[in-house]
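The block underneath contains the structure these notes are about, expressed in structure tokens.
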Amino acid sequence: MNPEENYSSQRKASNYSDVLHTDDDINPIPPQCGYTFSIIKALLIYPLAILPLGTGLLLAYWYRALWVRLTYSSCPLSRATTVVMTDEYGQQRVSTVQVTTFPDAYSAIGNKVEISSCATRYLTHCRLRYLYSDDEKKFILLRGHDCDRTLAGIHESITGLSGRDYELRKATYGINSIDVPVKPILVMLYQEVLTPFYAFQILCLVVWYVEEYYYYGAFIVLSSLFTISYSLFQTYTSAVQLHELVRQSCTVNVIRDGRELRDVPGESLVPGDVMVIPPTGMSMPCDAVLLTGTAIVNEASLTGESVPVMKTPLPQVEEAFNPDKYKRHTLFGGTHVIQTRFYSNTPVLAVVVRTGFSTSKGGMVRSILYPKPLNFKFYLDAIKFVLLLAVIALVGFCYTLIILQSKKYYLKETLLRAFDVITIVVPPALPAALTVGTVYALQRLKKQQIYCISPQRVNVCGKIKLVCFDKTGTLTEESVKTSGVIMMTGNELCSETQDPTSLPPCPILFTMATCHSLTRINGKLRGDPLELDMFEATKWTISEPENDSTKFDLLVQGIVKPPPTSGLVGMEMGIMKQFPFSSELQRMCVLVRALDNPKVLHVYVKGAPEKVKDLCRPETVPVNFKEVLRSLTQKGLRVLAVAHHSMELQWHKSENIDRDMVECDLEFGGLIIMKNSLKPETTPVISVLKNANIRTVMVTGDNLLTAVCVARECGMIPRHHQAIVMKAEIQAHGPLPVISYEPLNSDGSVSDGQEMEMQAIAAERLKPGDLKPGDFHLIIDGKSFAVVKDYCSEDLFNKLLVKGAVFARMSPDQKAELVLGLQKLGYGVGMCGDGANDCGALKAAHAGISLSEAEASVASPFTSKVPNITCVPKVIMEGRAALTTMFSVFKYMALYALTQFISATILYVVGTNLGDFQYLYIDFCLATIFVLVMGLNGPYPVLVKQRPEGRLASINMLVRMVIHIVLIVGFQVAALYYLKSPTWAWSWYKPFVVTDPTERVPVCLENTIIFTMANFQYIGLALALSIGPPYRKPTYTNLPFLALLAIMFFCNTYLILTPPDWLPLLLDFMGLQPSPSITFRVGILLLVFVYIALVFLLETFVMSSRTFHQVIKVLRFKRRPNNPYKHVLASIGPTWPLKG
């Protein structure tokens, strides 16, 4: 094996802190700037902010950090009264410095408790407390009791705090509360009204009131009241739900000054307090590390994992405490302790390490209150487009001033009409209109039992290009059946035994009976489904230790007994200590004592075969280990290896023994074979995604060959494609890692049974050029993934990301790293998983879909109550439909505003304007109602290869808009020319002449022609922009839209064709003056038909054609793809990975 070239050992760390919310992942010293109030700046800035109708104060409300910089003076943090801090997403937040004054104050930065002055300066940033450090000259995150402590040091806290220490800590840490108060309705109303959207509407209402557009203004007020009421209801309901979710009030027993205090409020707990966990359990008000006893905990509220978890005491060793490594010894806030076990009258004790928003539950709530910004290009482009409309409005404002002043209008009238143009060009209802498609999509998803807590994510789903899947419980069934066991015969693995009950007394039987975390809860055996099935296959029984612990004269966590008919009566075993299963270690271990030989401790280990083998003495590993394991895994079977050894150890010393001392010098015991079948829905869904050109990737903690077999079986890796295992190892002597490639046959077996060099593969098996970039897939495990990511070149890592199909033996953190790496390459990434190990990846993905039925919807944006992956194409299809609807609505609203702007501008040239009821008719009947029904098209039932447009600020969008604007102007001018042209010389037509500049809207033919022509343009645009396939159902399936279209077409046709003497009250009400000539009216109607047909054909056929898109590509001067992953794919030559 040769070292790969171009490696860089400098790529040893990647920053993925924006995914996880643990205390250790928060920047302890975020970027911060100190300020103090400046009277001089305030005297200069405040008048400037107040004078222009208070708009400066609005900007100060919207941009607090900018306002601080304008009215405050920069100063050292030691003197600052206000601090601007930047969070991990680059957002700036303003915090006020507070001072806590008390005698002998101390600051707790890290694990250092120092006596300081009588005043401690601190601030609160994103609900976390930061204390000022004289050494660092900055505000530093207040850490918990576990920071910078060893495990033995944490055990020293078992005596509890003294009264004085408690008071000091309480003053420093504050109360233990995750309080999300519900704001009063009036405060919510105030904040809602002061948003940019409603602030602009208030400005519009002022203009309309002065212009005497009372009816139209009243309509806007009523519609705004409705939307504000609905928004307030949603906001208030969500606030109440979140408040109820996080609210927790309980009493606890604590040890202080060496004695137990009862019924202490949970809010008064501080880091360092020692809690007494009752036998009947409790809801945890904080994060605490278990010191004595064991606890059964339901962590579904945090992880979504409904299986109870066994928590064991923290070992007493001189090793630095790591929250992730020792989470099996930590009781997390918000979880529910179901029951505890204690021995020798020693209560179950836990030391509080984190309180309030520093806890795991607090981190979850902070992720809701301060979510990661969704950098979706559409929203950024929408802001740019609105700014463009604002520029057009400014041009129209100046144009109106010039035109009306040239016609000798009064200055007041000129200014009012000029401001009116601004209210026309920038539609105030645009933000609300853009949410229509999302609202309908969420309703449809809810009917399919798919729930979403982040509505903006729905539109992002429309751009998904890749979906990562967990294996067990997601692609395969959750239940795992024990298929059989393979025992040792000499130094070889013998044939399979399908019935474990027929086994003689042997290590593999004892491992199945004891090496698990099962427990009885309310008389029912509960635990991991795999362990449950494995234990039940033995027919042994487990009892609570209280019943029989006297037989052992020792502390036991459980007692297992063989069935009476097995011939092993009396062979009872007590589980002394558990080392729970760890995703990082990929194994579990127990210490056991048998009743018939209480002097010997037995160690039983089960776990991933590769990991267990490495812990065994080499001479005990069967010679046919690799062959048997490969044979089993290529069949898709899940395999666990068992190992054992015995040791003489006093039982009381076993409580504090280190795991590394137990899991060493083991003897290989055999294999346990588990069968995990594919879910029936998996293969069809994978086929649907692949047909839609959506890449699928498996990321699992299971065995590599098992994962490859499942990927083959479900079609994730086609049978005719080559799978190549990529391995990366650190050299013992050398700075560069060694990369090797091991090809697999189509059935999942290894081609030659040994690792081969890349050159050897090329020479002996495959010729250069035999593998096309799309015909092979890389397979890698977590260990090699870490080496490639940290030590190899970025180019090689990117190639792994774009060609990797199966990522096996991946830890939870590595799953999140994979998702983030794919996102960095420009993929829209979806993630579908079902367990706690997937939470980080679910949060990191653009569209994380959890299949958990537990109440942990906050673990991912989407939660499906249907436990299979059929939800994935449904979410993508709804995302595409919602994104298409949003584009259609945005274009319609923009063109509706521009059409109205063009109409008003033309009429200003004539010397008139649209009337109050005309504006009302357009905005209500032709804009608002159309927008509400345009989004009712459901998603197209077929997931196609192409994805919908995702950018507004593009040449494609600009060309389309320009074409529509030209048509709108052309047909309105053509209609006016048809009226005024001497070619026809209508004898009844008299050109309008301004006689009274103060007259609001004089009735004239010019107004009627432009108004009616524009009405049909709105109808034509609604029809043309209501896009159907390939992302939404055809327009003819949207019956409300078709009905509205027919009604509006009929009403406007009637307005054109009606003679002057028909319905005169309606005509007067609308301010219309119909033409007396039926020939003229029919001519206008024909012009209308031509326009509608033209825009429909352009949108449906011309602008959707391949030729049009090719022309757009030429106009864009695009030579290279924008997405980095396409560059990486293009860089893969025909000989890679066969030759470097």
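Ligands are numbered from 1 in the order shown, residues from 1 within each chain, and chains are lettered A, B, ... in the order they appear in the structure tokens.
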A:Asn459 environment, 9 Å, only C-alpha atoms, sequence neighbours closer than 2 positions dropped, as a list in words: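 These residues fall inside the cut-off: Phe376, Gly437, Thr438, Pro455, Gln456, Arg457, Cys461, Gly462, Lys463, Glu878, Gly879, Arg880, Ala881, Ala882, Leu883, Thr884 and Met886 of chain A.
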Please produce a file of those selected residues containing C-alpha atoms, as a PDB file, in the first residue's frame.
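The new file out.pdb reads:
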ATOM      1  CA  PHE A 376     -32.226  29.757   1.532  1.00  0.00           C
ATOM      2  CA  GLY A 437     -48.133  27.535  -0.524  1.00  0.00           C
ATOM      3  CA  THR A 438     -46.342  26.581   2.689  1.00  0.00           C
ATOM      4  CA  PRO A 455     -42.421  25.859   8.170  1.00  0.00           C
ATOM      5  CA  GLN A 456     -39.598  27.515   6.212  1.00  0.00           C
ATOM      6  CA  ARG A 457     -38.006  24.086   5.795  1.00  0.00           C
ATOM      7  CA  CYS A 461     -37.286  20.433   0.688  1.00  0.00           C
ATOM      8  CA  GLY A 462     -38.044  21.345  -2.907  1.00  0.00           C
ATOM      9  CA  LYS A 463     -34.289  21.591  -3.572  1.00  0.00           C
ATOM     10  CA  GLU A 878     -44.718  18.842  -1.051  1.00  0.00           C
ATOM     11  CA  GLY A 879     -41.553  20.944  -0.902  1.00  0.00           C
ATOM     12  CA  ARG A 880     -41.428  21.171  -4.668  1.00  0.00           C
ATOM     13  CA  ALA A 881     -45.109  22.072  -4.847  1.00  0.00           C
ATOM     14  CA  ALA A 882     -44.736  24.719  -2.127  1.00  0.00           C
ATOM     15  CA  LEU A 883     -41.618  26.191  -3.755  1.00  0.00           C
ATOM     16  CA  THR A 884     -43.335  26.311  -7.139  1.00  0.00           C
ATOM     17  CA  MET A 886     -44.201  30.508  -3.840  1.00  0.00           C
TER      18      MET A 886
END
Please identify the helix (DSSP H, G or I) residues within stretch 418-551 of chain A (assignment by DSSP from backbone atoms) and present them as a compact mmCIF listing (two decimals) with N, CA and C atoms, in the first residue's frame.
# COMPACT_ATOMS: atom_id res chain seq x y z
N ALA A 418 -47.77 60.96 -5.81
CA ALA A 418 -46.43 60.39 -5.92
C ALA A 418 -46.21 59.34 -4.84
N PHE A 419 -46.66 59.65 -3.62
CA PHE A 419 -46.57 58.64 -2.55
C PHE A 419 -47.47 57.45 -2.84
N ASP A 420 -48.57 57.70 -3.51
CA ASP A 420 -49.48 56.62 -3.88
C ASP A 420 -48.79 55.61 -4.78
N VAL A 421 -47.90 56.12 -5.65
CA VAL A 421 -47.17 55.22 -6.54
C VAL A 421 -46.32 54.24 -5.74
N ILE A 422 -45.72 54.71 -4.66
CA ILE A 422 -44.89 53.83 -3.82
C ILE A 422 -45.73 52.72 -3.22
N THR A 423 -46.93 53.05 -2.76
CA THR A 423 -47.80 52.03 -2.17
C THR A 423 -48.29 51.03 -3.20
N ILE A 424 -48.24 51.43 -4.49
CA ILE A 424 -48.68 50.53 -5.55
C ILE A 424 -47.57 49.55 -5.93
N VAL A 425 -46.36 50.07 -6.13
CA VAL A 425 -45.27 49.24 -6.66
C VAL A 425 -44.81 48.19 -5.66
N LEU A 430 -47.33 41.29 0.14
CA LEU A 430 -46.41 40.31 -0.44
C LEU A 430 -45.90 39.29 0.59
N PRO A 431 -45.41 39.70 1.77
CA PRO A 431 -44.89 38.69 2.72
C PRO A 431 -45.95 37.67 3.12
N ALA A 432 -47.17 38.12 3.33
CA ALA A 432 -48.24 37.19 3.71
C ALA A 432 -48.58 36.26 2.55
N ALA A 433 -48.55 36.79 1.32
CA ALA A 433 -48.91 35.98 0.16
C ALA A 433 -47.92 34.84 -0.05
N VAL A 436 -48.60 31.27 1.50
CA VAL A 436 -49.81 30.52 1.15
C VAL A 436 -49.47 29.07 0.80
N GLY A 437 -48.49 28.89 -0.11
CA GLY A 437 -48.13 27.54 -0.52
C GLY A 437 -47.63 26.69 0.63
N THR A 438 -46.87 27.31 1.53
CA THR A 438 -46.34 26.58 2.69
C THR A 438 -47.46 26.14 3.62
N VAL A 439 -48.43 27.02 3.85
CA VAL A 439 -49.56 26.69 4.74
C VAL A 439 -50.33 25.50 4.20
N TYR A 440 -50.61 25.51 2.90
CA TYR A 440 -51.35 24.40 2.30
C TYR A 440 -50.53 23.10 2.34
N ALA A 441 -49.23 23.21 2.11
CA ALA A 441 -48.37 22.03 2.15
C ALA A 441 -48.34 21.42 3.55
N LEU A 442 -48.27 22.27 4.57
CA LEU A 442 -48.26 21.78 5.95
C LEU A 442 -49.57 21.06 6.28
N GLN A 443 -50.68 21.60 5.78
CA GLN A 443 -51.98 20.95 6.03
C GLN A 443 -52.03 19.58 5.36
N ARG A 444 -51.52 19.50 4.14
CA ARG A 444 -51.53 18.21 3.45
C ARG A 444 -50.59 17.21 4.14
N LEU A 445 -49.44 17.68 4.59
CA LEU A 445 -48.51 16.79 5.30
C LEU A 445 -49.12 16.29 6.60
N LYS A 446 -49.82 17.17 7.29
CA LYS A 446 -50.44 16.77 8.56
C LYS A 446 -51.46 15.67 8.35
N LYS A 447 -52.19 15.72 7.24
CA LYS A 447 -53.16 14.67 6.95
C LYS A 447 -52.46 13.33 6.70
N GLN A 456 -40.48 27.10 7.29
CA GLN A 456 -39.60 27.52 6.21
C GLN A 456 -38.87 26.34 5.57
N ARG A 457 -38.71 25.26 6.32
CA ARG A 457 -38.01 24.09 5.79
C ARG A 457 -38.78 23.42 4.67
N VAL A 458 -40.10 23.64 4.62
CA VAL A 458 -40.91 22.98 3.58
C VAL A 458 -40.42 23.40 2.20
N ASN A 459 -40.20 24.69 1.99
CA ASN A 459 -39.74 25.16 0.69
C ASN A 459 -38.34 24.65 0.38
N VAL A 460 -37.50 24.53 1.40
CA VAL A 460 -36.14 24.03 1.19
C VAL A 460 -36.16 22.59 0.69
N CYS A 461 -37.18 21.83 1.12
CA CYS A 461 -37.29 20.43 0.69
C CYS A 461 -37.43 20.32 -0.83
N LYS A 471 -29.91 2.94 8.96
CA LYS A 471 -30.29 1.60 8.52
C LYS A 471 -31.33 0.96 9.44
N THR A 472 -30.90 0.58 10.64
CA THR A 472 -31.78 -0.16 11.53
C THR A 472 -32.94 0.70 12.00
N GLY A 473 -34.15 0.23 11.78
CA GLY A 473 -35.34 0.96 12.18
C GLY A 473 -35.81 1.97 11.15
N THR A 474 -34.97 2.23 10.15
CA THR A 474 -35.35 3.17 9.10
C THR A 474 -35.52 2.44 7.78
N LEU A 475 -34.43 1.89 7.27
CA LEU A 475 -34.53 1.06 6.06
C LEU A 475 -34.98 -0.35 6.40
N PRO A 500 -31.01 -21.35 20.72
CA PRO A 500 -30.10 -21.11 21.86
C PRO A 500 -30.44 -21.91 23.10
N THR A 501 -31.70 -22.35 23.23
CA THR A 501 -32.07 -23.11 24.44
C THR A 501 -31.42 -24.48 24.46
N SER A 502 -30.94 -24.95 23.32
CA SER A 502 -30.29 -26.26 23.27
C SER A 502 -28.80 -26.19 23.57
N PRO A 507 -19.95 -19.80 27.44
CA PRO A 507 -19.88 -18.34 27.50
C PRO A 507 -20.92 -17.63 26.63
N ILE A 508 -21.20 -18.20 25.45
CA ILE A 508 -22.13 -17.50 24.56
C ILE A 508 -23.54 -17.48 25.14
N LEU A 509 -23.93 -18.57 25.83
CA LEU A 509 -25.25 -18.61 26.48
C LEU A 509 -25.29 -17.64 27.65
N PHE A 510 -24.23 -17.62 28.46
CA PHE A 510 -24.21 -16.72 29.61
C PHE A 510 -24.16 -15.25 29.17
N THR A 511 -23.51 -14.98 28.04
CA THR A 511 -23.48 -13.61 27.53
C THR A 511 -24.88 -13.17 27.11
N MET A 512 -25.59 -14.04 26.42
CA MET A 512 -26.95 -13.71 25.98
C MET A 512 -27.88 -13.48 27.18
N ALA A 513 -27.62 -14.20 28.27
CA ALA A 513 -28.48 -14.11 29.44
C ALA A 513 -28.16 -12.92 30.33
N THR A 514 -26.92 -12.44 30.29
CA THR A 514 -26.52 -11.41 31.26
C THR A 514 -26.09 -10.08 30.64
N PRO A 529 -34.80 -3.40 21.81
CA PRO A 529 -35.45 -4.54 21.14
C PRO A 529 -34.48 -5.66 20.80
N LEU A 530 -33.26 -5.34 20.41
CA LEU A 530 -32.28 -6.37 20.08
C LEU A 530 -31.95 -7.20 21.31
N GLU A 531 -31.68 -6.53 22.43
CA GLU A 531 -31.34 -7.25 23.65
C GLU A 531 -32.53 -8.03 24.18
N LEU A 532 -33.71 -7.46 24.01
CA LEU A 532 -34.92 -8.13 24.48
C LEU A 532 -35.13 -9.44 23.73
N ASP A 533 -34.99 -9.40 22.40
CA ASP A 533 -35.18 -10.63 21.62
C ASP A 533 -34.08 -11.64 21.92
N MET A 534 -32.85 -11.15 22.08
CA MET A 534 -31.73 -12.04 22.38
C MET A 534 -31.95 -12.75 23.71
N PHE A 535 -32.39 -12.00 24.74
CA PHE A 535 -32.60 -12.59 26.05
C PHE A 535 -33.77 -13.57 26.03
N GLU A 536 -34.85 -13.20 25.39
CA GLU A 536 -36.02 -14.08 25.35
C GLU A 536 -35.74 -15.36 24.58
N ALA A 537 -34.78 -15.32 23.65
CA ALA A 537 -34.43 -16.54 22.90
C ALA A 537 -33.81 -17.59 23.81
N THR A 538 -33.22 -17.18 24.93
CA THR A 538 -32.61 -18.14 25.86
C THR A 538 -33.64 -18.77 26.79
N PRO A 545 -33.35 -7.36 42.02
CA PRO A 545 -32.33 -7.81 42.99
C PRO A 545 -32.84 -7.88 44.40
N GLU A 546 -33.87 -7.11 44.73
CA GLU A 546 -34.34 -7.11 46.11
C GLU A 546 -34.84 -8.49 46.54
N ASN A 547 -35.29 -9.27 45.54
CA ASN A 547 -35.89 -10.54 45.88
C ASN A 547 -34.87 -11.58 46.34
N ASP A 548 -33.70 -11.57 45.70
CA ASP A 548 -32.76 -12.66 45.94
C ASP A 548 -31.35 -12.19 46.22
N SER A 549 -31.17 -10.95 46.49
CA SER A 549 -29.81 -10.44 46.66
C SER A 549 -29.12 -11.04 47.87
N THR A 550 -29.89 -11.56 48.80
CA THR A 550 -29.26 -12.15 49.99
C THR A 550 -28.48 -13.41 49.64
N LYS A 551 -28.81 -14.04 48.53
CA LYS A 551 -28.09 -15.25 48.15
C LYS A 551 -26.64 -14.95 47.78
message: To one decimal place in Å, what is the distance between atom CA of A:Ala805 and atom CA of A:Val697?
response: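 Separating atom CA of A:Ala805 from atom CA of A:Val697 is a distance of 4.8 Å.
Taking atom CA of A:Val969 and atom CA of A:Ala429 as endpoints, the distance between them is 23.4 Å.
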field: Nearest to A:Gly363 by atom-to-atom distance, counting only C-alpha atoms, from A:Gly334, A:Pro598, A:Gly935, A:Gly574
entry: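 Closest to A:Gly363, using only C-alpha atoms: A:Gly334.
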message: Using only C-alpha atoms for the distances, tell me which of A:Ile672, A:Ala1014, A:Ile392, A:Leu189 is nearest to A:Glu496.
response: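 Smallest separation from A:Glu496 among the options: A:Ile672.
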- request: From a DSSP pass on the backbone, collect the residues of stretch 655-869 of chain A flagged as strand (DSSP E) and hand them back as a count of residues only.
  value: 52
